[in-house]
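Structure first, then comments.
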Amino acid sequence: MLFFFNILADVLFPKRCVGCERYGAWWCQSCYKSVTLHTVQDASTPPSDSVLKTVWVAASYDQESLQRALHAFKYQFVTALAKPLGGLMVDFCKSTASAGMQADMIVAVPLFYKRERWRGFNQAQLLAQAVGHHRNLSVVPALKRQVSTRPQVGLDAPARRLNVQGAFICPNPAVVAGRRVLLVDDVISTGSTLAACAEALYQAGAVRVEAFVLTKN
Ligand SMILES: [Zn+2]
């Protein structure tokens, strides 16, 4: 029955590549392969006052195909894109570029609950699950976003820092105390969101926090 339903769904709502608009997949193999994975650890350092040890950036934002896939994932709610987008992060993990990445557990940057309810999912959480599955690490919901912040888009770096300051808490410090945390998000811009998360994790007793993002815009 499900089989016929799937066929019907494919006929009524055919999959179409968000990159090149060819039919057959949400994001086709050639668009996926057009994305450039970083071969060395991204040189861009977090803000000088940041507590983050390292920021790992899997893929270059230059390819329009990646920008379109990310947009469709976040704003057109194509959750099926979590697989290939998470796949890029896994590919990065498999490469030598990720040598030195240290983690005992993974934590995804949380959304404010109202925003997650609106979107229906947390994009960072889906990416974190792909990475956790590959690295055999659990994804732990250690952080909570306790205030609804303005979207960071359109704010300059100091305003972004101020906007997210104190926005995150660790409700149960015991889960991160003494552990090395890999903090996962989809995109890094100035790094202020990741830094605010890292501060909350250190306050809860984490011994090391590194960030791992799909891309940097
Ligand atoms: Zn395509």
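Following the order of the structure tokens, first chain is A, next is B, and so on, with residues numbered from 1 inside each chain and ligands from 1 in the order they appear.
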
- [ ] Taking the chain letters and numbering used in this document, name the residues of segment 5-154 of chain A that DSSP puts in helix (DSSP H, G or I), as a PyMOL selection string.
- [x] chain A and resi 5-12+29-33+64-75+79-94+96-98+113-119+123-135

- [ ] Report the residues of segment 13-212 of chain A whose backbone DSSP state falls under strand (DSSP E), written as a count of residues only.
- [x] 27

Open item on the list: What does the list of residues within 6 Å of ligand 1 look like if you count only C-alpha atoms and all ligand atoms, written as a ChimeraX atom specification?
Closed with: /A:17,19-20,22,27-28,30-31

Open item on the list: So that I can see what lies close to Ala124 of chain A, please list as a PyMOL selection string the residues with an atom at most 12 Å from it, counting only C-alpha atoms and leaving out residues fewer than 5 positions away in the same chain.
Closed with: chain A and resi 70+73-74+79+82+85-86+89+106-111+116+129-132+139+141+183-188+194+211-215

Open item on the list: Rounded to one decimal, what separation in Å do you get between atom CA of Asp91 of chain A and atom CA of Thr39 of chain A?
Closed with: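 Distance between the two atoms: 10.8 Å.
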
Task: Residue among A:Pro84, A:Pro173, A:Gly24, A:Pro151 lying closest to Gly205 of chain A, counting only C-alpha atoms - done: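 Closest residue, counting only C-alpha atoms: A:Pro173.
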
TODO: With a distance cut-off of 9 Å and only C-alpha atoms, select the neighbouring residues of Lys114 of chain A, excluding the residue or stretch itself and same-chain residues fewer than 4 positions from it, and output the selection as a ChimeraX atom specification.
DONE: /A:118-119,148

Open item on the list: I need the residue nearest Ala196 of chain A from this list: A:Met105, A:Val90, A:Leu143, A:Leu155. Use only C-alpha atoms for the distance.
Closed with: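 Smallest distance to Ala196 of chain A is found for A:Leu143.
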
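Counting only C-alpha atoms, the residue from A:Gln203, A:Thr54, A:Asn136, A:Gln76 that sits nearest to Met101 of chain A is A:Thr54.
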
Open item on the list: Just checking: using only C-alpha atoms, which residue out of A:Ala167, A:Val51, A:Ala59, A:Leu127 ends up closest to Tyr32 of chain A?
Closed with: A:Ala59

TODO: Find the residue from A:His133, A:Arg115, A:Arg161, A:His38 that sits nearest to Gln146 of chain A; use only C-alpha atoms when measuring.
DONE: A:Arg115

Open item on the list: Taking 5 positions as the minimum chain separation for residues in the same chain, which residues sit within 12 Å of Glu199 of chain A when counting only C-alpha atoms? Answer as a list in words.
Closed with: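 Within the cut-off, the hits are Asp49, Ser50, Val51, Leu52, Lys53, Leu143, Val164, Gln165, Gly166, Ala167, Phe168, Ile169, Cys170, Val181, Leu183, Ser192, Thr193, Leu194, Ala204, Gly205, Ala206, Val207, Arg208, Val209 and Glu210 of chain A.
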